[in-house]
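S.K.: Sharing final-v1.txt, compact mmCIF, C-alpha atoms:
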# COMPACT_ATOMS: atom_id res chain seq x y z
CA MET A 131 43.88 129.30 246.27
CA ARG A 132 41.65 132.24 245.48
CA ARG A 133 39.29 131.49 242.62
CA TYR A 134 37.36 133.69 240.23
CA ARG A 135 34.55 132.48 238.00
CA PHE A 136 33.94 134.11 234.65
CA MET A 137 31.01 132.03 233.44
CA VAL A 138 28.96 133.02 230.45
CA GLU A 139 25.30 132.20 231.11
CA PHE A 140 22.21 132.42 228.98
CA SER A 141 19.54 134.60 230.56
CA ARG A 142 16.45 132.51 231.27
CA SER A 143 12.83 133.47 230.89
CA ASN A 144 10.27 132.58 233.55
CA GLN A 145 9.13 129.69 231.36
CA GLU A 146 12.68 128.35 231.10
CA GLU A 147 13.23 128.67 234.85
CA SER A 148 10.02 126.72 235.30
CA PHE A 149 11.37 124.03 232.95
CA ALA A 150 14.59 123.77 234.99
CA GLU A 151 12.53 123.37 238.17
CA GLU A 152 10.47 120.66 236.47
CA VAL A 153 13.68 118.77 235.70
CA ARG A 154 14.98 119.11 239.27
CA THR A 155 11.67 118.06 240.80
CA TRP A 156 11.31 115.02 238.54
CA LEU A 157 14.83 113.83 239.34
CA GLU A 158 14.26 114.19 243.09
CA GLU A 159 11.03 112.22 242.84
CA HIS A 160 12.54 109.40 240.77
CA LEU A 161 15.98 108.98 242.32
CA VAL A 162 14.44 106.69 244.93
CA GLY A 163 14.39 102.97 245.63
CA GLU A 164 17.13 101.12 243.72
CA PHE A 165 18.16 104.41 242.09
CA SER A 166 18.69 106.30 245.37
CA GLU A 167 22.29 105.10 245.71
CA LEU A 168 23.30 106.18 242.21
CA ARG A 169 23.84 109.89 242.86
CA ASN A 170 27.22 111.21 241.78
CA ARG A 171 28.23 107.76 240.54
CA GLY A 172 28.78 106.27 237.12
CA GLY A 173 29.56 107.96 233.83
CA THR A 174 31.90 107.34 230.94
CA GLY A 175 34.98 105.52 232.17
CA ARG A 176 33.54 105.11 235.68
CA GLU A 177 32.21 101.57 235.92
CA ASP A 178 31.00 101.65 239.54
CA ILE A 179 27.36 100.98 238.56
CA PRO A 180 26.36 97.73 236.78
CA VAL A 181 25.29 98.34 233.18
CA GLU A 182 21.98 96.57 233.81
CA ILE A 183 21.00 99.17 236.43
CA LEU A 184 21.98 102.04 234.14
CA LEU A 185 19.81 100.56 231.38
CA GLU A 186 16.91 100.51 233.84
CA TRP A 187 17.64 104.15 234.69
CA GLU A 188 17.41 105.02 230.99
CA LYS A 189 13.96 103.41 230.93
CA GLU A 190 13.02 105.42 234.01
CA LEU A 191 14.12 108.63 232.28
CA ALA A 192 11.99 107.58 229.31
CA THR A 193 8.86 107.56 231.50
CA GLY A 194 9.34 111.30 231.94
CA GLY A 195 10.00 111.88 228.25
CA TRP A 196 13.60 112.91 228.96
CA LEU A 197 15.14 110.67 226.29
CA GLY A 198 13.36 112.49 223.49
CA LEU A 199 13.98 116.13 224.35
CA ASP A 200 14.64 117.33 220.80
CA PHE A 201 12.44 114.86 218.91
CA PRO A 202 9.01 115.73 217.48
CA GLU A 203 6.02 114.79 219.58
CA GLU A 204 4.62 112.53 216.86
CA LEU A 205 7.68 110.31 217.30
CA GLY A 206 7.41 110.25 221.09
CA GLY A 207 9.56 113.29 221.85
CA ARG A 208 9.03 116.55 223.71
CA SER A 209 9.90 119.01 220.89
CA CYS A 210 12.11 121.01 223.28
CA SER A 211 14.06 124.00 222.06
CA LEU A 212 17.84 123.85 221.90
CA PHE A 213 18.02 126.04 225.01
CA GLU A 214 15.68 123.72 226.93
CA GLN A 215 17.91 120.81 225.97
CA VAL A 216 20.91 122.69 227.37
CA ILE A 217 18.97 123.43 230.56
CA PHE A 218 18.08 119.76 231.01
CA HIS A 219 21.65 118.52 230.63
CA GLN A 220 23.06 121.21 232.92
CA THR A 221 20.39 120.66 235.58
CA TYR A 222 20.87 116.91 235.39
CA VAL A 223 24.57 117.22 236.21
CA GLU A 224 24.05 119.96 238.80
CA THR A 225 21.73 117.66 240.77
CA ARG A 226 24.47 115.01 240.65
CA ALA A 227 22.15 112.50 239.05
CA PRO A 228 23.89 109.27 237.98
CA GLY A 229 26.33 109.44 235.10
CA ARG A 230 24.44 108.00 232.17
CA ILE A 231 25.38 105.07 230.02
CA PRO A 232 26.26 106.09 226.43
CA ASN A 233 22.81 105.78 224.83
CA ILE A 234 23.88 105.68 221.20
CA GLY A 235 20.35 105.10 219.95
CA VAL A 236 19.20 108.41 221.43
CA THR A 237 22.26 110.52 220.73
CA LEU A 238 23.39 109.18 217.35
CA LEU A 239 21.03 106.83 215.53
CA ALA A 240 17.68 108.53 216.16
CA PRO A 241 18.87 112.01 215.05
CA THR A 242 20.39 110.38 211.97
CA LEU A 243 17.06 108.78 211.11
CA VAL A 244 15.31 112.13 211.49
CA ALA A 245 17.80 113.72 209.09
CA TYR A 246 18.32 110.91 206.58
CA GLY A 247 15.87 108.07 207.25
CA THR A 248 12.59 107.21 205.60
CA TYR A 249 9.26 107.77 207.33
CA GLU A 250 8.95 104.01 207.82
CA GLN A 251 12.38 103.81 209.47
CA GLN A 252 11.58 106.73 211.75
CA ALA A 253 8.21 105.29 212.78
CA ARG A 254 9.68 101.82 213.37
CA PHE A 255 12.74 102.71 215.44
CA ILE A 256 12.57 106.15 217.06
CA PRO A 257 9.57 105.56 219.38
CA GLU A 258 11.13 102.34 220.71
CA ILE A 259 14.46 104.10 221.28
CA LEU A 260 12.77 106.96 223.15
CA LYS A 261 10.85 104.49 225.33
CA GLY A 262 14.13 102.85 226.32
CA ASN A 263 13.00 99.54 224.83
CA GLU A 264 15.76 99.16 222.23
CA PHE A 265 19.45 99.82 222.81
CA TRP A 266 21.89 100.43 219.94
CA CYS A 267 25.61 100.18 219.23
CA GLN A 268 27.75 101.62 216.45
CA GLY A 269 29.59 99.54 213.84
CA TYR A 270 32.21 101.89 212.42
CA SER A 271 35.84 101.13 213.34
CA GLU A 272 37.70 98.07 212.08
CA PRO A 273 41.17 96.68 212.81
CA ASP A 274 42.47 98.36 209.63
CA ALA A 275 40.03 101.27 209.61
CA GLY A 276 40.03 103.23 212.83
CA SER A 277 40.85 106.87 212.29
CA ASP A 278 40.86 106.20 208.54
CA LEU A 279 37.21 105.18 208.48
CA ALA A 280 37.00 105.25 204.67
CA ASN A 281 39.28 102.20 204.58
CA ILE A 282 36.62 99.81 205.89
CA SER A 283 36.37 96.33 204.40
CA THR A 284 33.20 94.94 206.03
CA ARG A 285 30.93 94.19 203.08
CA ALA A 286 27.25 93.58 202.47
CA THR A 287 25.62 92.02 199.44
CA LYS A 288 21.97 92.07 198.45
CA GLU A 289 20.25 88.68 198.21
CA GLY A 290 16.56 88.99 197.43
CA ASP A 291 15.00 91.22 200.05
CA GLN A 292 17.90 90.93 202.52
CA TRP A 293 21.42 92.23 203.05
CA ILE A 294 24.10 89.66 203.92
CA ILE A 295 26.89 91.18 206.04
CA ASN A 296 30.42 89.82 206.48
CA GLY A 297 33.36 91.38 208.26
CA GLN A 298 34.62 92.63 211.61
CA LYS A 299 34.11 95.75 213.71
CA ILE A 300 36.14 96.73 216.77
CA TRP A 301 35.87 99.14 219.72
CA THR A 302 32.10 98.65 219.58
CA SER A 303 30.81 100.19 222.82
CA LEU A 304 28.33 98.08 224.81
CA ALA A 305 27.67 95.68 221.94
CA GLN A 306 27.03 92.89 224.44
CA TYR A 307 23.96 94.78 225.75
CA SER A 308 22.64 96.07 222.42
CA ASP A 309 19.54 95.01 220.51
CA TRP A 310 20.56 96.66 217.21
CA ILE A 311 23.66 97.96 215.45
CA PHE A 312 24.12 100.49 212.65
CA VAL A 313 26.87 99.25 210.35
CA LEU A 314 28.93 101.17 207.84
CA CYS A 315 29.90 98.66 205.18
CA ARG A 316 30.93 98.38 201.55
CA THR A 317 28.07 97.45 199.24
CA ASP A 318 29.72 98.38 195.92
CA MET A 319 32.87 96.28 195.65
CA GLN A 320 34.09 98.44 192.75
CA GLY A 321 33.96 101.59 194.84
CA THR A 322 37.03 102.87 196.67
CA ARG A 323 37.27 104.72 199.98
CA HIS A 324 34.22 107.01 200.35
CA GLN A 325 32.41 105.62 197.32
CA GLY A 326 30.25 102.52 197.52
CA LEU A 327 29.60 102.57 201.28
CA SER A 328 26.16 102.01 202.81
CA TYR A 329 24.70 102.57 206.27
CA LEU A 330 22.74 99.48 207.35
CA LEU A 331 20.63 98.71 210.44
CA ALA A 332 20.95 95.14 211.71
CA PRO A 333 19.53 93.16 214.66
CA MET A 334 22.15 91.86 217.10
CA GLU A 335 20.15 88.83 218.22
CA GLN A 336 21.28 86.32 215.59
CA ASP A 337 23.73 83.42 215.59
CA GLU A 338 25.64 84.99 212.68
CA ILE A 339 26.94 87.80 214.93
CA GLU A 340 29.68 87.01 217.46
CA ILE A 341 30.67 89.46 220.23
CA ARG A 342 34.04 89.30 222.01
CA PRO A 343 34.51 91.76 224.91
CA ILE A 344 37.83 93.62 225.14
CA VAL A 345 39.29 94.14 228.63
CA GLN A 346 40.30 97.78 229.00
CA ILE A 347 43.04 99.38 231.06
CA THR A 348 40.38 100.26 233.67
CA GLY A 349 39.60 96.55 234.07
CA SER A 350 36.12 96.66 232.53
CA SER A 351 34.86 95.62 229.09
CA GLU A 352 32.87 98.46 227.57
CA PHE A 353 34.43 97.88 224.16
CA ASN A 354 34.00 94.78 222.01
CA GLU A 355 34.96 93.06 218.80
CA VAL A 356 31.95 92.18 216.64
CA PHE A 357 32.17 89.55 213.89
CA PHE A 358 29.58 89.25 211.08
CA ASN A 359 29.42 85.82 209.46
CA ASP A 360 26.60 85.99 206.89
CA ALA A 361 24.59 88.17 209.28
CA ARG A 362 21.25 89.25 207.84
CA THR A 363 19.04 92.31 207.85
CA GLU A 364 16.07 93.49 205.84
CA GLY A 365 16.66 95.06 202.45
CA GLY A 366 14.83 98.25 203.41
CA LEU A 367 17.04 98.92 206.42
CA VAL A 368 19.58 101.05 204.57
CA VAL A 369 19.64 104.69 205.70
CA GLY A 370 19.90 107.07 202.77
CA GLU A 371 20.56 105.67 199.34
CA SER A 372 22.67 102.56 198.90
CA GLY A 373 26.21 103.82 198.27
CA SER A 374 25.71 107.13 200.14
CA GLY A 375 26.74 105.74 203.51
CA TRP A 376 29.74 108.03 203.93
CA SER A 377 27.70 111.23 204.09
CA VAL A 378 25.19 109.60 206.47
CA ALA A 379 28.02 108.34 208.70
CA MET A 380 29.59 111.80 208.88
CA GLY A 381 26.20 113.24 209.79
CA THR A 382 25.96 110.73 212.65
CA LEU A 383 29.34 111.77 214.04
CA ALA A 384 28.32 115.44 213.93
CA PHE A 385 25.22 114.76 216.06
CA GLU A 386 27.49 113.48 218.82
CA ARG A 387 28.50 117.02 219.73
CA GLY A 388 25.26 118.80 220.53
CA ALA A 389 23.37 120.18 223.52
CA SER A 390 24.66 117.61 226.03
CA THR A 391 28.20 119.01 225.85
CA LEU A 392 27.39 121.86 228.25
CA GLY A 393 26.21 119.25 230.72
CA GLN A 394 29.50 117.46 230.15
CA GLN A 395 31.33 120.67 230.95
CA THR A 396 29.33 121.09 234.15
CA ALA A 397 30.60 117.63 235.13
CA PHE A 398 34.13 118.75 234.24
CA SER A 399 33.66 121.78 236.51
CA GLN A 400 32.68 119.45 239.37
CA GLU A 401 35.80 117.37 238.74
CA MET A 402 37.85 120.56 238.79
CA ASP A 403 36.38 121.57 242.15
CA GLU A 404 37.07 118.12 243.60
CA LEU A 405 40.65 118.20 242.36
CA ILE A 406 41.26 121.57 244.00
CA GLN A 407 39.95 120.13 247.27
CA ILE A 408 42.33 117.17 246.96
CA ALA A 409 45.20 119.59 246.32
CA LYS A 410 44.31 121.42 249.53
CA GLN A 411 44.08 118.18 251.51
CA THR A 412 47.42 116.85 250.27
CA GLY A 413 49.22 120.18 250.52
CA ALA A 414 49.98 120.13 246.78
CA ILE A 415 48.16 123.48 246.55
CA TYR A 416 51.25 125.14 248.01
CA ASP A 417 53.43 123.96 245.13
CA PRO A 418 53.63 126.95 242.74
CA VAL A 419 53.86 124.69 239.69
CA VAL A 420 50.70 122.80 240.72
CA ARG A 421 48.91 126.09 241.43
CA GLN A 422 49.83 127.33 237.96
CA GLU A 423 48.58 124.11 236.35
CA LEU A 424 45.30 124.29 238.26
CA ALA A 425 44.83 127.92 237.21
CA LYS A 426 45.58 127.00 233.60
CA SER A 427 43.09 124.12 233.67
CA PHE A 428 40.42 126.35 235.17
CA SER A 429 40.99 129.05 232.53
CA GLU A 430 40.87 126.49 229.72
CA LEU A 431 37.60 125.16 231.10
CA GLN A 432 36.06 128.62 230.69
CA ILE A 433 37.41 128.85 227.13
CA MET A 434 35.87 125.45 226.42
CA ARG A 435 32.51 126.78 227.60
CA TYR A 436 32.70 129.92 225.45
CA ASN A 437 33.58 127.85 222.39
CA GLN A 438 30.76 125.39 222.94
CA MET A 439 28.19 128.15 223.25
CA ARG A 440 29.43 129.52 219.95
CA MET A 441 29.00 126.06 218.44
CA LEU A 442 25.48 125.79 219.87
CA SER A 443 24.59 129.19 218.41
CA SER A 444 25.65 127.87 215.01
CA LEU A 445 23.64 124.69 215.60
CA SER A 446 20.51 126.69 216.47
CA ARG A 447 20.80 128.58 213.17
CA GLU A 448 21.68 125.69 210.87
CA GLY A 449 19.75 122.86 212.56
CA VAL A 450 22.48 120.31 211.75
CA PRO A 451 25.95 120.30 213.37
CA GLY A 452 28.76 121.39 211.08
CA PRO A 453 32.48 120.62 210.90
CA GLU A 454 33.11 123.39 213.46
CA MET A 455 32.04 120.86 216.10
CA SER A 456 35.45 119.25 215.62
CA ILE A 457 36.98 122.24 217.41
CA GLY A 458 35.06 121.35 220.56
CA LYS A 459 35.92 117.64 220.37
CA LEU A 460 39.63 118.34 219.90
CA TYR A 461 39.68 120.86 222.76
CA TRP A 462 37.74 119.01 225.47
CA SER A 463 39.34 115.62 224.85
CA SER A 464 42.85 117.02 225.19
CA TRP A 465 41.87 119.11 228.23
CA HIS A 466 40.33 116.19 230.12
CA ARG A 467 43.33 113.98 229.47
CA ARG A 468 45.63 116.66 230.89
CA LEU A 469 43.33 117.05 233.91
CA GLY A 470 43.63 113.33 234.62
CA GLU A 471 47.41 113.56 234.46
CA LEU A 472 47.41 116.56 236.78
CA GLY A 473 45.14 114.73 239.20
CA ILE A 474 47.55 111.82 239.55
CA ARG A 475 50.43 114.25 240.09
CA ILE A 476 48.47 115.92 242.87
CA ARG A 477 47.52 112.59 244.46
CA GLY A 478 51.14 111.50 244.47
CA SER A 479 52.07 107.91 245.23
CA SER A 480 48.61 107.12 246.67
CA GLY A 481 47.17 107.62 243.19
CA MET A 482 49.16 104.65 241.93
CA VAL A 483 47.50 102.14 244.28
CA GLY A 484 43.98 100.74 243.99
CA VAL A 485 41.72 99.60 246.83
CA GLU A 486 41.36 95.85 247.32
CA ALA A 487 37.88 94.67 246.35
CA THR A 488 35.76 92.70 248.80
CA PRO A 489 34.82 90.17 247.59
CA PRO A 490 37.66 89.92 245.03
CA LEU A 491 36.84 90.76 241.43
CA GLU A 492 37.13 88.02 238.83
CA ASP A 493 38.59 88.37 235.34
CA SER A 494 39.82 91.90 236.02
CA LEU A 495 42.89 93.46 234.49
CA ASN A 496 43.38 95.24 237.83
CA HIS A 497 43.75 91.90 239.66
CA GLY A 498 40.97 92.42 242.17
CA TYR A 499 41.56 96.11 242.91
CA LEU A 500 39.04 98.92 242.60
CA LEU A 501 39.82 102.29 241.05
CA ASP A 502 38.51 105.57 242.43
CA SER A 503 37.02 108.27 240.22
CA LEU A 504 40.30 110.15 239.80
CA GLN A 505 42.18 107.02 238.77
CA ARG A 506 39.45 106.15 236.27
CA THR A 507 39.60 109.67 234.84
CA PHE A 508 43.35 109.35 234.39
CA LEU A 509 43.11 105.97 232.67
CA TYR A 510 39.92 106.36 230.63
CA SER A 511 40.70 109.88 229.40
CA ARG A 512 43.54 108.37 227.36
CA ALA A 513 40.80 107.17 225.01
CA HIS A 514 39.19 110.61 224.59
CA THR A 515 41.68 111.70 221.95
CA ILE A 516 41.07 108.50 219.95
CA TYR A 517 37.36 107.61 219.96
CA ALA A 518 34.72 109.53 217.98
CA GLY A 519 37.44 110.73 215.63
CA SER A 520 41.07 110.96 216.76
CA SER A 521 42.70 114.32 217.43
CA GLN A 522 44.70 113.97 214.22
CA VAL A 523 41.51 113.51 212.22
CA GLN A 524 39.85 116.46 213.99
CA ARG A 525 42.78 118.68 213.04
CA ASN A 526 42.43 117.62 209.40
CA ILE A 527 38.69 118.39 209.46
CA ILE A 528 39.28 121.81 210.99
CA GLY A 529 42.06 122.60 208.54
CA GLU A 530 40.27 121.41 205.41
CA ARG A 531 36.56 122.00 206.12
CA VAL A 532 36.66 124.98 208.48
CA LEU A 533 39.78 126.90 207.47
CA GLY A 534 39.73 125.87 203.80
CA LEU A 535 43.33 124.65 203.74
CA PRO A 536 44.54 122.20 201.07
CA ARG A 537 43.93 118.51 201.76
CA GLU A 538 46.71 116.60 203.43
CA PRO A 539 48.83 114.76 200.81
CA ARG A 540 48.33 111.00 200.87
CA GLU A 541 51.17 108.53 200.47
CA GLY A 542 51.26 106.68 197.19
Output the file's structure as C-alpha cells, nothing else.

M.R.:
Amino acid sequence: MRRYRFMVEFSRSNQEESFAEEVRTWLEEHLVGEFSELRNRGGTGREDIPVEILLEWEKELATGGWLGLDFPEELGGRSCSLFEQVIFHQTYVETRAPGRIPNIGVTLLAPTLVAYGTYEQQARFIPEILKGNEFWCQGYSEPDAGSDLANISTRATKEGDQWIINGQKIWTSLAQYSDWIFVLCRTDMQGTRHQGLSYLLAPMEQDEIEIRPIVQITGSSEFNEVFFNDARTEGGLVVGESGSGWSVAMGTLAFERGASTLGQQTAFSQEMDELIQIAKQTGAIYDPVVRQELAKSFSELQIMRYNQMRMLSSLSREGVPGPEMSIGKLYWSSWHRRLGELGIRIRGSSGMVGVEATPPLEDSLNHGYLLDSLQRTFLYSRAHTIYAGSSQVQRNIIGERVLGLPREPREG
C-alpha cells in the first residue's frame, strides 16, 4: 500500500529544537534500571505495566520538572509555552517512552486550582502534585448521573469547620491508588440541577470512604465505585464559591483537552503504522475493502491533527479551553473506536483468542488469558465515546455552545 503523509507541522526555532533535544536526552538517561523495560508499553487501556511502577515513573518525571510544564515556577512548574508543551508530548511519544498513567492531579485538578482556587489551595496542593507526591481521582459520575452530570445526588453539609459528605460515585479511575479526590456534590438541597452544587477536595485515607473496584471487559480494574459515609474534609477546601461547583466542574473537563492531545495523536499514528504492518503480514492488505478502510482511517487521522492545531491556536489566544474542544473529543474517540474494530477485522480469527498467562492470572474476567495491544485497543476504545463526556453530550455542547442552536427539549 503506497502511503502519502500530509502532516501540518509547526516550524521550530533553534531554542525550541534545543528544548526537544533536552526532552529526548533526559528520557534516554532516565529510562534505565527498572524503567528500561517500559518502552512502548502501557497507556490507557493497556494494563501490561503494574500501576505501582507507573506511579514511580511519574515521580521520576517529576524530578526533571516534566509534570509541571505549564505551571508557574513559583508553584514548582517550568512556565513552558504552549508550543513547548506540545513539543514535550510529541517527543515523549516519538521516543516510545512508557504510556503514562492518567495523572488527574496534573491534568485536571491543578489547572483548575490555578484558574479557580485560592492562593492557599494552590500553595497547598499544586507543588505536591508536581512532585508526584500526591495522586488524585475525580468524583463526578454517579449511578443516576453519568452523562447527565447535573443530576447528581451526592450531598455535603457544613458542620462547624468541616464538610460532611454522603453519597456514591462510580467509574472513578484509579481511586484505589489515590490520596485525594475532588468531588462534585450538592450543598444546597433546595437547588436543582446546576444550582447548588459545590466542588470539594477530600482526602481518601479515611474509614468513611469505601472503594469497590469494578472489573472491566479488559480484565483489569481501573474503574471503581466510591462510597461516602459521613466522609469529612476541611471547610476551606471548596474550590470557587459554595454553590458555583457546576462552572468549576465544566472548567475542569475543558482542561482535559489541551497540549497533550497532539502527543496522543502521535501515538495513534504509531498504532496506524503497526496496523498497516499487520495487514501486510496477514495478507488483508490485498482486500480492496480493507485497503479503503485503512486509507479512510489514515485520512481522518490527518483531519484530527488539523482540527487539534486549530483548537490549540484558540487555546493560546484565550488561555482557557472553550467548548470547541468538544469537537476534538467527539472526533478522536469515535475514530479510535473504529480503528480498534478495523484492527480485529484485519487480525481475523486470531484476534479473538488471548494468550494463556504463565503463571495463571487470578480474579480476571479473561480467565487467565492475556490480551495484546490490538485486542486492548478494540475493547478499551469502547469506553472512549462514554467517559469524559459521552458523544451525545459532546454533540449537544457543540450544537448549543459552538453553533448557537436551540437547547435540546427536555422531557417533562

S.K.: Do you know which residues are at most 10 Å from A:Asn263 counting all atoms listed in the file, after dropping those on the same chain fewer than 2 positions away, and could you put them as number ranges by chain?

M.R.: A: 185-186, 188-189, 192, 255, 257-261, 265, 309

S.K.: Could you tell me how far atom CA of A:Lys426 lies from atom CA of A:Arg171, in Å and to one decimal?

M.R.: 26.8 Å

S.K.: Using Å and a single decimal, report how far atom CA of A:Val523 sits from atom CA of A:Leu431.

M.R.: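 Computing the Euclidean distance for atom CA of A:Leu431 and atom CA of A:Val523 yields 22.5 Å.
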
S.K.: If we count only C-alpha atoms, what is near A:Phe218 at a cut-off of 12 Å, once residues fewer than 6 positions away on the same chain are taken out, given as a PyMOL selection string?

M.R.: chain A and resi 146-157+191+195-200+210-212+224-225+227+389-394+396

S.K.: Which residues come within 12 Å of A:Ala305, counting all atoms listed in the file, excluding same-chain residues fewer than 4 positions away, as a PDB file with C-alpha atoms, in the coordinates of the input?

M.R.:
ATOM      1  CA  VAL A 181      25.290  98.340 233.180  1.00  0.00           C
ATOM      2  CA  PRO A 232      26.260 106.090 226.430  1.00  0.00           C
ATOM      3  CA  ASN A 233      22.810 105.780 224.830  1.00  0.00           C
ATOM      4  CA  ILE A 234      23.880 105.680 221.200  1.00  0.00           C
ATOM      5  CA  PHE A 265      19.450  99.820 222.810  1.00  0.00           C
ATOM      6  CA  TRP A 266      21.890 100.430 219.940  1.00  0.00           C
ATOM      7  CA  CYS A 267      25.610 100.180 219.230  1.00  0.00           C
ATOM      8  CA  GLN A 268      27.750 101.620 216.450  1.00  0.00           C
ATOM      9  CA  GLY A 269      29.590  99.540 213.840  1.00  0.00           C
ATOM     10  CA  LYS A 299      34.110  95.750 213.710  1.00  0.00           C
ATOM     11  CA  ILE A 300      36.140  96.730 216.770  1.00  0.00           C
ATOM     12  CA  TRP A 301      35.870  99.140 219.720  1.00  0.00           C
ATOM     13  CA  ASP A 309      19.540  95.010 220.510  1.00  0.00           C
ATOM     14  CA  TRP A 310      20.560  96.660 217.210  1.00  0.00           C
ATOM     15  CA  ILE A 311      23.660  97.960 215.450  1.00  0.00           C
ATOM     16  CA  PHE A 312      24.120 100.490 212.650  1.00  0.00           C
ATOM     17  CA  PRO A 333      19.530  93.160 214.660  1.00  0.00           C
ATOM     18  CA  MET A 334      22.150  91.860 217.100  1.00  0.00           C
ATOM     19  CA  GLU A 335      20.150  88.830 218.220  1.00  0.00           C
ATOM     20  CA  ILE A 339      26.940  87.800 214.930  1.00  0.00           C
ATOM     21  CA  GLU A 340      29.680  87.010 217.460  1.00  0.00           C
ATOM     22  CA  ILE A 341      30.670  89.460 220.230  1.00  0.00           C
ATOM     23  CA  ARG A 342      34.040  89.300 222.010  1.00  0.00           C
ATOM     24  CA  PRO A 343      34.510  91.760 224.910  1.00  0.00           C
ATOM     25  CA  ILE A 344      37.830  93.620 225.140  1.00  0.00           C
ATOM     26  CA  SER A 351      34.860  95.620 229.090  1.00  0.00           C
ATOM     27  CA  GLU A 352      32.870  98.460 227.570  1.00  0.00           C
ATOM     28  CA  PHE A 353      34.430  97.880 224.160  1.00  0.00           C
ATOM     29  CA  ASN A 354      34.000  94.780 222.010  1.00  0.00           C
ATOM     30  CA  GLU A 355      34.960  93.060 218.800  1.00  0.00           C
ATOM     31  CA  VAL A 356      31.950  92.180 216.640  1.00  0.00           C
ATOM     32  CA  PHE A 357      32.170  89.550 213.890  1.00  0.00           C
TER      33      PHE A 357
END

S.K.: Hey, which of A:Arg525, A:His466, A:Arg142, A:Arg421 ends up closest to A:Tyr510? Count only C-alpha atoms.

M.R.: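 So, comparing all the options, the nearest one is A:His466.
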
S.K.: Find the residues around A:Ser271 up to 12 Å (only C-alpha atoms counted), leave out those fewer than 5 positions away in its own chain, and share them as a JSON list (two decimals) with C-alpha atoms, keeping the file's coordinate frame.

M.R.:
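Result file out35.json:
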[["chain", "number", "residue", "atom", "x", "y", "z"],
["A", 276, "GLY", "CA", 40.03, 103.23, 212.83],
["A", 277, "SER", "CA", 40.85, 106.87, 212.29],
["A", 278, "ASP", "CA", 40.86, 106.20, 208.54],
["A", 279, "LEU", "CA", 37.21, 105.18, 208.48],
["A", 280, "ALA", "CA", 37.00, 105.25, 204.67],
["A", 281, "ASN", "CA", 39.28, 102.20, 204.58],
["A", 282, "ILE", "CA", 36.62, 99.81, 205.89],
["A", 283, "SER", "CA", 36.37, 96.33, 204.40],
["A", 284, "THR", "CA", 33.20, 94.94, 206.03],
["A", 297, "GLY", "CA", 33.36, 91.38, 208.26],
["A", 298, "GLN", "CA", 34.62, 92.63, 211.61],
["A", 299, "LYS", "CA", 34.11, 95.75, 213.71],
["A", 300, "ILE", "CA", 36.14, 96.73, 216.77],
["A", 301, "TRP", "CA", 35.87, 99.14, 219.72],
["A", 302, "THR", "CA", 32.10, 98.65, 219.58],
["A", 303, "SER", "CA", 30.81, 100.19, 222.82],
["A", 312, "PHE", "CA", 24.12, 100.49, 212.65],
["A", 313, "VAL", "CA", 26.87, 99.25, 210.35],
["A", 314, "LEU", "CA", 28.93, 101.17, 207.84],
["A", 315, "CYS", "CA", 29.90, 98.66, 205.18],
["A", 353, "PHE", "CA", 34.43, 97.88, 224.16],
["A", 354, "ASN", "CA", 34.00, 94.78, 222.01],
["A", 355, "GLU", "CA", 34.96, 93.06, 218.80],
["A", 356, "VAL", "CA", 31.95, 92.18, 216.64],
["A", 379, "ALA", "CA", 28.02, 108.34, 208.70],
["A", 516, "ILE", "CA", 41.07, 108.50, 219.95],
["A", 517, "TYR", "CA", 37.36, 107.61, 219.96],
["A", 518, "ALA", "CA", 34.72, 109.53, 217.98],
["A", 519, "GLY", "CA", 37.44, 110.73, 215.63],
["A", 520, "SER", "CA", 41.07, 110.96, 216.76]]
